[in-house]
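Trainee: Just entry_23.txt, nothing more (compact mmCIF, C-alpha atoms):
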```txt
# COMPACT_ATOMS: atom_id res chain seq x y z
CA MET A 1 44.93 61.13 138.91
CA LYS A 2 46.17 64.68 139.37
CA SER A 3 49.29 63.56 141.24
CA LEU A 4 50.01 61.06 138.48
CA THR A 5 49.91 63.85 135.88
CA VAL A 6 52.27 66.02 137.94
CA LEU A 7 54.63 63.09 138.41
CA SER A 8 54.69 62.18 134.73
CA SER A 9 55.25 65.86 133.79
CA PHE A 10 58.16 66.02 136.21
CA ILE A 11 59.68 62.84 134.76
CA PHE A 12 59.21 64.19 131.22
CA LEU A 13 60.93 67.49 132.06
CA PHE A 14 63.77 65.69 133.82
CA LEU A 15 64.35 63.40 130.86
CA LEU A 16 64.20 66.35 128.46
CA SER A 17 66.79 68.32 130.42
CA THR A 18 69.16 65.38 130.68
CA HIS A 19 68.71 64.76 126.93
CA VAL A 20 69.63 68.40 126.17
CA LEU A 21 72.65 68.24 128.45
CA ALA A 22 73.76 64.98 126.93
CA ASN A 23 73.52 66.49 123.44
CA ALA A 24 75.41 69.69 124.31
CA SER A 25 78.87 68.91 122.95
CA SER A 26 81.99 69.33 124.99
CA CYS A 27 82.99 72.07 122.52
CA VAL A 28 79.91 74.12 123.39
CA ARG A 29 80.14 73.43 127.11
CA CYS A 30 83.70 74.71 127.35
CA HIS A 31 83.78 77.43 124.71
CA THR A 32 80.69 79.20 126.01
CA ASN A 33 82.14 79.29 129.51
CA GLU A 34 84.25 82.44 129.73
CA ALA A 35 85.67 81.67 133.17
CA LEU A 36 86.81 78.24 132.03
CA MET A 37 88.38 79.64 128.88
CA LYS A 38 90.26 82.18 130.97
CA SER A 39 91.60 79.46 133.26
CA LEU A 40 92.72 77.25 130.37
CA HIS A 41 94.29 79.91 128.21
CA LYS A 42 98.02 79.90 127.66
CA PRO A 43 99.47 83.00 125.95
CA PRO A 44 101.21 82.07 122.67
CA VAL A 45 104.96 82.13 122.44
CA ILE A 46 105.91 84.89 120.07
CA ALA A 47 108.83 83.90 117.90
CA ALA A 48 111.59 86.47 117.73
CA GLY A 49 112.66 87.49 114.27
CA GLU A 50 111.58 89.78 111.53
CA GLU A 51 108.95 92.38 112.16
CA GLY A 52 105.86 92.33 109.98
CA GLU A 53 105.51 95.38 107.77
CA GLY A 54 102.46 94.49 105.69
CA MET B 1 93.47 86.90 124.60
CA TYR B 2 91.33 84.13 126.07
CA LYS B 3 88.26 86.09 124.96
CA GLY B 4 89.20 85.18 121.43
CA TYR B 5 88.16 81.60 122.21
CA VAL B 6 84.84 82.35 123.89
CA VAL B 7 81.77 81.50 121.82
CA ASP B 8 78.42 83.21 122.32
CA GLY B 9 76.00 80.49 123.37
CA ALA B 10 73.02 82.43 122.00
CA LEU B 11 74.51 82.26 118.50
CA ILE B 12 74.51 78.48 118.56
CA LYS B 13 70.75 78.38 118.91
CA GLY B 14 69.97 80.87 116.16
CA ASP B 15 72.70 80.85 113.52
CA PRO B 16 72.28 78.15 110.86
CA HIS B 17 76.09 77.84 110.64
CA PHE B 18 75.99 75.94 113.96
CA ARG B 19 73.05 73.69 113.16
CA MET B 20 75.21 70.72 112.21
CA GLY B 21 77.46 71.02 115.23
CA CYS B 22 81.04 72.19 115.66
CA ARG B 23 82.43 68.97 114.23
CA LEU B 24 81.16 69.63 110.73
CA CYS B 25 83.86 72.25 110.26
CA HIS B 26 86.31 71.75 113.11
CA LYS B 27 86.42 67.94 113.28
CA GLY B 28 87.84 66.82 116.65
CA ASP B 29 85.88 64.78 119.16
CA GLU B 30 82.75 66.49 120.46
CA LYS B 31 82.30 63.84 123.08
CA GLY B 32 85.90 63.88 124.22
CA LEU B 33 86.40 64.54 127.89
CA GLY B 34 89.00 67.19 128.59
CA LYS B 35 90.86 69.57 126.28
CA GLU B 36 93.32 67.03 124.85
CA ALA B 37 90.71 64.42 124.01
CA ALA B 38 88.21 66.89 122.56
CA HIS B 39 90.85 68.60 120.44
CA LYS B 40 92.28 65.40 118.98
CA GLY B 41 92.19 65.76 115.20
CA MET B 42 90.68 69.23 115.47
CA VAL B 43 91.04 71.64 112.56
CA LYS B 44 91.79 75.11 113.91
CA ARG B 45 91.18 76.99 110.68
CA PRO B 46 88.54 75.00 108.79
CA SER B 47 88.20 77.55 106.00
CA ASP B 48 91.85 77.07 104.99
CA SER B 49 90.21 74.39 102.90
CA LEU B 50 87.67 76.21 100.78
CA ARG B 51 85.65 73.02 100.59
CA THR B 52 84.41 73.70 104.11
CA CYS B 53 82.62 76.95 103.29
CA GLY B 54 82.04 75.70 99.77
CA MET B 55 79.66 73.06 101.08
CA CYS B 56 77.05 75.81 101.22
CA HIS B 57 78.67 78.84 99.56
CA ARG B 58 79.89 77.04 96.48
CA GLN B 59 80.01 79.89 93.97
CA ILE B 60 81.83 82.22 96.34
CA ALA B 61 84.31 79.50 97.32
CA ASP B 62 84.97 78.65 93.66
CA ASN B 63 85.62 82.28 92.79
CA TYR B 64 87.66 82.88 95.91
CA SER B 65 89.95 79.94 95.11
CA LYS B 66 91.31 82.07 92.25
CA SER B 67 91.36 85.45 93.98
CA LEU B 68 94.64 87.11 94.89
CA HIS B 69 93.76 87.28 98.57
CA TYR B 70 93.64 83.51 98.59
CA THR B 71 96.37 82.55 96.13
CA SER B 72 98.91 85.27 97.03
CA ALA B 73 99.87 84.95 93.35
CA GLY B 74 100.52 88.69 93.13
CA GLN B 75 103.56 88.29 95.37
CA ARG B 76 104.94 85.45 93.28
CA ASN B 77 104.28 87.16 89.96
CA GLY B 78 105.73 90.40 91.27
CA VAL B 79 109.15 88.95 92.05
CA MET B 80 109.27 86.19 89.40
CA PRO B 81 111.08 88.16 86.64
CA ARG B 82 114.13 88.41 88.92
CA PHE B 83 114.66 84.62 88.84
CA SER B 84 116.15 82.21 86.36
CA LYS B 85 114.06 79.11 85.59
CA GLU B 86 115.97 77.06 88.14
CA GLU B 87 115.75 79.77 90.75
CA LEU B 88 111.99 79.96 90.29
CA LYS B 89 111.70 76.27 91.07
CA THR B 90 113.71 76.78 94.27
CA PHE B 91 111.63 79.84 95.14
CA ASP B 92 108.37 77.93 94.71
CA ALA B 93 109.56 75.06 96.84
CA LYS B 94 111.45 76.88 99.58
CA VAL B 95 109.98 80.36 99.83
CA PHE B 96 106.58 80.80 98.26
CA GLU B 97 104.66 78.00 99.92
CA LYS B 98 106.32 78.42 103.29
CA SER B 99 106.49 82.17 103.50
CA CYS B 100 104.40 84.15 101.00
CA ARG B 101 101.51 81.68 100.95
CA SER B 102 101.27 81.78 104.73
CA CYS B 103 99.82 85.28 104.26
CA HIS B 104 96.83 84.10 102.24
CA ALA B 105 93.46 84.94 103.73
CA SER B 106 90.94 82.19 104.38
CA CYS B 107 87.19 82.89 104.56
CA GLY B 108 87.42 82.78 108.33
CA ASP B 109 90.17 85.42 108.48
CA CYS B 110 87.64 88.02 107.36
CA HIS B 111 84.37 86.59 108.61
CA VAL B 112 85.10 84.77 111.88
CA LYS B 113 88.49 85.26 113.45
CA ALA B 114 91.02 88.04 113.08
CA PRO B 115 94.09 86.68 111.27
CA ALA B 116 97.20 85.96 113.29
CA VAL B 117 100.12 88.19 112.41
CA GLY B 118 103.49 87.48 113.99
CA GLY B 119 101.83 85.01 116.32
CA ILE B 120 99.32 87.54 117.64
CA SER B 121 95.61 87.35 116.97
CA LEU B 122 92.62 89.06 118.48
CA GLY B 123 90.80 85.77 118.20
CA LEU B 124 87.14 85.43 117.37
CA ILE B 125 85.80 88.70 116.02
CA GLN B 126 82.39 88.62 117.72
CA LYS B 127 82.36 85.43 119.74
CA HIS B 128 82.19 83.27 116.60
CA LYS B 129 79.48 85.30 114.90
CA PHE B 130 79.90 85.03 111.13
CA VAL B 131 80.33 88.75 110.48
CA LYS B 132 79.87 90.37 107.10
CA LYS B 133 82.73 92.81 107.68
CA ASP B 134 84.81 94.31 110.45
CA GLU B 135 87.68 96.08 108.74
CA GLY B 136 89.46 97.25 111.88
CA LYS B 137 89.97 93.68 113.06
CA THR B 138 90.47 91.98 109.74
CA CYS B 139 91.91 94.21 106.98
CA ALA B 140 93.92 96.22 109.50
CA PHE B 141 95.58 93.14 110.94
CA CYS B 142 97.27 92.16 107.68
CA HIS B 143 97.52 95.63 106.18
CA GLY B 144 98.44 97.27 109.46
CA GLY B 145 102.08 97.87 108.63
CA ARG B 146 101.60 100.40 105.86
CA VAL B 147 98.09 100.94 104.54
CA TYR B 148 96.06 101.20 107.73
CA PRO B 149 98.33 103.47 109.80
CA GLU B 150 98.83 105.75 106.81
CA TYR B 151 95.07 105.87 106.30
CA THR B 152 94.27 106.66 109.91
CA GLY B 153 97.16 109.06 110.38
CA GLU B 154 98.83 106.91 113.02
CA TYR B 155 102.00 106.83 110.98
CA GLY B 156 102.39 110.59 111.25
CA GLY B 157 100.99 113.59 109.48
CA SER B 158 97.29 113.85 108.91
CA PRO B 159 94.81 111.06 108.32
CA ASP B 160 93.39 110.35 104.89
CA VAL B 161 90.48 112.66 104.14
CA HIS B 162 88.27 109.65 103.41
CA TYR B 163 88.97 108.25 106.86
CA GLN B 164 88.04 111.59 108.39
CA LYS B 165 84.76 111.43 106.50
CA GLY B 166 84.05 108.10 108.16
CA MET B 167 84.92 105.83 105.25
CA THR B 168 86.51 102.45 105.94
CA CYS B 169 88.08 99.94 103.58
CA MET B 170 84.95 98.53 102.05
CA GLU B 171 83.52 101.87 101.01
CA CYS B 172 85.96 101.72 98.07
CA HIS B 173 87.07 98.06 97.98
CA LYS B 174 83.92 96.16 97.16
CA LYS B 175 82.96 92.64 98.14
CA ALA B 176 83.34 91.40 94.58
CA GLU B 177 86.97 92.53 94.58
CA PHE B 178 87.75 90.29 97.56
CA HIS B 179 85.65 87.27 96.65
CA GLY B 180 86.86 87.46 93.06
CA ASP B 181 85.01 86.92 89.83
CA GLY B 182 86.42 83.49 89.06
CA LYS B 183 89.30 84.85 87.03
CA ALA B 184 92.87 84.30 88.18
CA TYR B 185 94.41 87.76 87.92
CA ALA B 186 98.19 88.09 87.83
CA ALA B 187 98.33 91.22 89.97
CA LYS B 188 96.00 93.55 91.84
CA GLN B 189 96.54 96.21 89.20
CA THR B 190 94.73 94.08 86.64
CA VAL B 191 91.69 93.24 88.78
CA LYS B 192 88.49 94.34 87.09
CA ASP B 193 86.50 97.00 88.94
CA ARG B 194 89.23 97.76 91.44
CA PRO B 195 88.78 101.11 93.18
CA SER B 196 89.46 104.26 91.24
CA CYS B 197 89.36 107.86 92.48
CA ARG B 198 87.39 108.72 89.37
CA ASN B 199 84.53 106.46 90.35
CA CYS B 200 83.45 109.30 92.63
CA HIS B 201 85.55 112.30 91.57
CA LYS B 202 84.64 112.95 87.95
CA LEU B 203 86.91 115.11 85.85
CA GLY B 204 85.31 118.37 84.84
CA GLN B 205 83.11 118.54 87.92
CA GLU B 206 85.63 120.36 90.11
CA ALA B 207 84.31 123.29 92.12
CA LYS B 208 87.35 125.48 91.49
CA LEU B 209 88.70 126.62 88.16
CA THR B 210 92.32 126.14 89.30
CA ALA B 211 91.60 122.49 90.12
CA LYS B 212 89.87 122.01 86.78
CA ILE B 213 92.87 123.45 84.89
CA SER B 214 95.41 121.47 86.96
CA HIS B 215 93.58 118.20 86.37
CA ARG B 216 93.32 118.87 82.64
CA ARG B 217 97.02 119.73 82.35
CA HIS B 218 98.25 116.72 84.31
CA GLN B 219 95.75 114.18 83.02
CA GLY B 220 97.53 111.05 81.80
CA LYS B 221 100.87 112.38 83.05
CA VAL B 222 100.49 112.30 86.83
CA SER B 223 98.45 109.89 88.95
CA CYS B 224 95.97 111.27 91.50
CA TYR B 225 98.32 110.09 94.27
CA GLY B 226 101.20 112.03 92.74
CA CYS B 227 99.62 115.30 93.86
CA HIS B 228 97.12 114.28 96.53
CA THR B 229 99.24 112.06 98.79
CA ALA B 230 99.61 114.28 101.82
CA THR B 231 102.54 113.13 103.87
CA ALA B 232 105.60 110.92 103.84
CA TYR B 233 104.66 107.24 103.93
CA ARG B 234 106.40 104.10 105.04
CA GLN B 235 109.34 102.91 102.97
CA CYS B 236 110.49 99.39 103.80
CA GLN B 237 114.19 98.80 103.92
CA ASP B 238 116.43 95.93 104.90
CA CYS B 239 113.54 93.51 105.28
CA HIS B 240 113.85 89.77 104.75
CA LEU B 241 117.52 89.87 105.66
CA GLY B 242 117.05 88.15 108.96
CA LYS B 243 118.09 91.25 110.86
CA GLY B 244 114.64 92.64 111.40
CA ALA B 245 112.91 95.22 109.29
CA ALA B 246 113.63 98.91 109.21
CA ALA B 247 111.14 101.36 107.82
CA ARG B 248 111.56 105.07 107.27
CA PRO B 249 109.04 107.65 106.13
CA ALA B 250 109.52 109.37 102.77
CA LEU B 251 107.46 110.65 99.89
CA ILE B 252 109.01 109.47 96.62
CA LEU B 253 107.86 110.56 93.19
CA GLY B 254 108.95 108.85 90.01
CA LEU B 255 107.70 107.14 86.88
CA ASN B 256 105.30 104.27 87.31
CA PRO B 257 107.41 101.14 86.62
CA ARG B 258 104.42 99.54 84.92
CA ASP B 259 104.05 102.13 82.17
CA LYS B 260 107.17 104.35 82.50
CA LYS B 261 105.01 107.31 81.49
CA THR B 262 102.97 108.39 84.49
CA LEU B 263 104.47 110.20 87.47
CA THR B 264 103.24 108.61 90.68
CA THR B 265 104.04 107.85 94.29
CA LEU B 266 106.67 105.13 94.61
CA ARG B 267 107.27 102.81 97.51
CA LEU B 268 110.51 101.05 98.24
CA ILE B 269 109.86 97.34 98.20
CA PRO B 270 111.64 95.03 100.61
CA THR B 271 113.34 92.74 98.08
CA VAL B 272 117.05 93.47 97.92
CA ARG B 273 119.88 91.53 96.26
CA GLU B 274 120.54 89.38 99.32
CA THR B 275 116.92 88.67 100.21
CA PHE B 276 116.86 85.01 99.13
CA VAL B 277 120.56 84.16 99.42
CA LYS B 278 119.94 82.02 102.49
CA ASP B 279 117.54 79.94 100.37
CA GLY B 280 120.16 79.49 97.66
CA ILE B 281 118.70 82.07 95.27
CA LYS B 282 121.04 84.76 93.97
CA MET B 283 118.42 86.33 91.69
CA GLU B 284 120.27 86.13 88.38
CA ASN B 285 117.93 88.70 86.84
CA PHE B 286 117.72 91.00 89.83
CA ASP B 287 118.10 94.09 87.67
CA ALA B 288 115.06 93.20 85.57
CA LEU B 289 112.85 94.96 88.10
CA PRO B 290 113.31 98.15 90.09
CA ASN B 291 113.33 98.43 93.88
CA TYR B 292 110.46 100.89 93.76
CA TRP B 293 106.86 100.14 92.82
CA ASP B 294 103.92 102.41 92.17
CA SER B 295 101.94 102.66 95.36
CA PRO B 296 98.37 103.82 95.89
CA VAL B 297 99.24 105.57 99.14
CA HIS B 298 96.23 105.71 101.42
CA ASN B 299 96.92 109.20 102.71
CA VAL B 300 94.93 111.43 100.41
CA ARG B 301 94.14 115.09 101.00
CA LYS B 302 92.53 117.62 98.73
CA ARG B 303 95.23 120.20 99.46
CA THR B 304 98.88 119.21 99.69
CA ASP B 305 102.16 121.06 99.21
CA ARG B 306 102.04 120.08 95.54
CA THR B 307 98.48 121.27 94.89
CA ARG B 308 99.17 124.60 96.60
CA SER B 309 102.21 125.53 94.54
CA CYS B 310 103.46 124.44 91.11
CA ASP B 311 106.99 125.32 92.25
CA VAL B 312 107.13 122.43 94.72
CA CYS B 313 107.49 120.04 91.77
CA HIS B 314 108.56 122.23 88.87
CA VAL B 315 111.23 124.24 90.70
CA GLU B 316 112.09 122.53 93.99
CA LYS B 317 111.50 118.99 92.65
CA ALA B 318 110.60 117.96 96.19
CA GLY B 319 110.39 114.21 96.70
CA PHE B 320 111.49 113.31 93.18
CA LEU B 321 113.55 110.17 92.89
CA GLY B 322 117.11 110.93 91.87
CA VAL B 323 120.47 109.21 91.69
CA ASP B 324 121.42 110.77 95.02
CA THR B 325 118.29 109.65 96.82
CA MET B 326 118.14 106.08 95.53
CA ILE B 327 119.03 103.14 97.72
CA LYS B 328 122.65 102.09 97.45
CA GLY B 329 123.39 98.87 95.59
CA GLY B 330 119.87 98.78 94.21
CA SER B 331 118.60 97.55 90.87
CA LYS B 332 119.82 99.16 87.67
CA ALA B 333 116.16 99.45 86.69
CA ASN B 334 115.73 102.15 89.33
CA GLN B 335 117.33 104.62 86.92
CA ASP B 336 114.41 104.23 84.52
CA LEU B 337 112.04 105.69 87.09
CA ILE B 338 113.78 109.05 87.38
CA MET B 339 111.67 111.86 86.04
CA THR B 340 112.68 115.49 85.90
CA PRO B 341 109.74 117.88 85.78
CA LYS B 342 109.87 120.52 83.09
CA PRO B 343 110.26 124.15 84.12
CA ILE B 344 107.18 126.36 83.83
CA HIS B 345 107.37 129.27 81.45
CA ARG B 346 105.56 132.18 83.09
```
Translate this structure into structure tokens?
Mentor:
Amino acid sequence: MKSLTVLSSFIFLFLLSTHVLANASSCVRCHTNEALMKSLHKPPVIAAGEEGEG
Amino acid sequence: MYKGYVVDGALIKGDPHFRMGCRLCHKGDEKGLGKEAAHKGMVKRPSDSLRTCGMCHRQIADNYSKSLHYTSAGQRNGVMPRFSKEELKTFDAKVFEKSCRSCHASCGDCHVKAPAVGGISLGLIQKHKFVKKDEGKTCAFCHGGRVYPEYTGEYGGSPDVHYQKGMTCMECHKKAEFHGDGKAYAAKQTVKDRPSCRNCHKLGQEAKLTAKISHRRHQGKVSCYGCHTATAYRQCQDCHLGKGAAARPALILGLNPRDKKTLTTLRLIPTVRETFVKDGIKMENFDALPNYWDSPVHNVRKRTDRTRSCDVCHVEKAGFLGVDTMIKGGSKANQDLIMTPKPIHR
């Protein structure tokens, strides 16, 4: 009986974690990962021309 | 720069702004695999459409839709008298929407992500936290050419006394001024409850008798800035000509073009006769407006050359706009701003 409870708890936790991971959007997965953002970042091309004087 | 794209994961759990997912504001494909797929149809600046923030902050969004920070109408109204009717149509189509309006501030420019100026942006202010204010990263980015460096002293001379006392933009410029009150003002000068020195510095409450007398004598004739602007400030020249901007420091005193009665600090504005020629606008009524506008220079000190000695203005006439010091080929209306201080009879 005890082993059955442990097994069902384990299955429940596993399903819960996979559910959370499945629901975490790709936006969140990437944009909360600093190392990934650093690797993907491309510096913008700065257009030559008039200087801002605001 | 990449840090400007990093979101704090802890915020997503606690901040109600994220409860409905990224897609509510940014669109795109949350389930897309890879950058290209996920970003397909994404809206980079969701608050460019006020409807986005207006879903929850309706009153603020409604008011803000009419505020000058959003409409940039002050720029249009400021230059409009120089155009004929036909030229105004061309200006609206070719210049205003593409150039001036690109400077409008969205909700996100102040509350989420520092605005991009000249292609450079600091990115997310605090990892996508919806901040109430962070003047150094928001106000300073757009107003970093003139106002901010003059205020902090970076442009030369001494910093503004208010900055030294620890005051930042929103100590004087209140939230209501930015969000607007639902009224479409024509220019910042007409905005109700805009900052005034006298909100804090009441006349008649001066500690020194000399200050009390000076204020009484000059009241209604000279603006606070006229005497209390400390150092030379940035004068824009040759801008919008496609050759790059050139700015030089100078302190210029002359009559306020809006009332022609009060002596105040003037700033050279960048519009010159050739400014819109490449867009097919000659400015038929160019001379209707001067090349100098009254400027609330953010470089205030209690003691300046002009508060120390009456002779600086009344004898030396230091900084006063004159025919010799005006820009060449400028507007005929510049002449109307010349003011010669009266001699003092001792």
Trainee: Identify every residue of chain B that has at least one atom within 6 Å of any atom of chain A, counting all atoms listed in the file, and report the result as a PyMOL selection string.
Mentor: chain B and resi 2+6-9+30-31+119+143+145-146+244-245
Trainee: Could you state the separation of atom CA of B:Arg82 and atom CA of B:Leu321 in Å, given to one decimal place?
Mentor: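 These two atoms are separated by 22.1 Å.
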Trainee: Please indicate the distance in Å from atom CA of B:Leu203 to atom CA of B:Pro149, rounded to one decimal place.
Mentor: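 Taking atom CA of B:Leu203 as the start and atom CA of B:Pro149 as the end point, the length is 29.0 Å.
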Trainee: With a distance cut-off of 12 Å and only C-alpha atoms, select the neighbouring residues of B:Cys25, excluding the residue or stretch itself and same-chain residues fewer than 5 positions from it, and output the selection as a list of chain:residue names.
Mentor: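 Those residues are B:His17, B:Phe18, B:Arg19, B:Met20, B:Glu30, B:Gly41, B:Met42, B:Val43, B:Lys44, B:Arg45, B:Pro46, B:Ser47, B:Asp48, B:Ser49, B:Leu50, B:Arg51, B:Thr52, B:Cys53, B:Gly54, B:Met55, B:Cys56, B:Gly108.
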Trainee: Just give me the gap between atom CA of B:Glu206 and atom CA of B:Lys302 in Å, one decimal is fine.
Mentor: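 Answer for the atom CA of B:Glu206 to atom CA of B:Lys302 separation: 11.4 Å.
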Trainee: I want to know what sits within 12 Å of B:Asp92, based on all atoms listed in the file, with residues of the same chain fewer than 5 positions away left out; could you give that as a PyMOL selection string?
Mentor: chain B and resi 73+75-77+79-80+83+85-87+97-101+276+279+281
Trainee: Can you pull out every residue within 8 Å of B:Asp29, counting only C-alpha atoms, but drop anything in the same chain fewer than 3 positions away, and send it as a list in words?
Mentor: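 Selected residues are Arg23, Gly32, Ala37, Ala38, His39, Lys40, Gly41 and Met42 of chain B.
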Trainee: Pick the closest to B:Met167 from B:Thr152, B:Ser84, B:Gln59, B:Thr210: which is it, counting all atoms listed in the file?
Mentor: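 Result for the nearest residue to B:Met167: B:Thr152.
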Trainee: Could stretch 115-131 of chain B be completed with N, CA and C atoms and returned as a short mmCIF file (atom, residue, chain, number, x, y, z; two decimals), keeping the file's coordinate frame?
Mentor:
```cif
data_model
loop_
_atom_site.label_atom_id
_atom_site.label_comp_id
_atom_site.auth_asym_id
_atom_site.auth_seq_id
_atom_site.Cartn_x
_atom_site.Cartn_y
_atom_site.Cartn_z
N PRO B 115 92.91 87.47 111.63
CA PRO B 115 94.09 86.68 111.27
C PRO B 115 95.25 86.89 112.25
N ALA B 116 96.03 85.85 112.41
CA ALA B 116 97.20 85.96 113.29
C ALA B 116 98.35 86.56 112.51
N VAL B 117 98.95 87.59 113.04
CA VAL B 117 100.12 88.19 112.41
C VAL B 117 101.24 88.19 113.43
N GLY B 118 102.36 87.57 113.07
CA GLY B 118 103.49 87.48 113.99
C GLY B 118 103.12 86.74 115.26
N GLY B 119 102.20 85.80 115.16
CA GLY B 119 101.83 85.01 116.32
C GLY B 119 100.77 85.65 117.19
N ILE B 120 100.33 86.86 116.82
CA ILE B 120 99.32 87.54 117.64
C ILE B 120 98.00 87.61 116.88
N SER B 121 96.93 87.26 117.57
CA SER B 121 95.61 87.35 116.97
C SER B 121 94.63 87.84 118.01
N LEU B 122 93.66 88.60 117.56
CA LEU B 122 92.62 89.06 118.48
C LEU B 122 91.64 87.95 118.79
N GLY B 123 91.71 86.89 118.00
CA GLY B 123 90.80 85.77 118.20
C GLY B 123 89.47 86.00 117.50
N LEU B 124 88.45 85.35 118.00
CA LEU B 124 87.14 85.43 117.37
C LEU B 124 86.65 86.88 117.34
N ILE B 125 86.15 87.29 116.19
CA ILE B 125 85.80 88.70 116.02
C ILE B 125 84.63 89.09 116.93
N GLN B 126 83.55 88.35 116.85
CA GLN B 126 82.39 88.62 117.72
C GLN B 126 81.89 87.30 118.29
N LYS B 127 82.72 86.67 119.08
CA LYS B 127 82.36 85.43 119.74
C LYS B 127 81.81 84.39 118.76
N HIS B 128 82.49 84.23 117.66
CA HIS B 128 82.19 83.27 116.60
C HIS B 128 80.96 83.62 115.77
N LYS B 129 80.52 84.88 115.83
CA LYS B 129 79.48 85.30 114.90
C LYS B 129 80.13 85.34 113.51
N PHE B 130 79.40 84.94 112.50
CA PHE B 130 79.90 85.03 111.13
C PHE B 130 79.59 86.45 110.65
N VAL B 131 80.58 87.34 110.77
CA VAL B 131 80.33 88.75 110.48
C VAL B 131 80.48 89.03 108.99
#
```
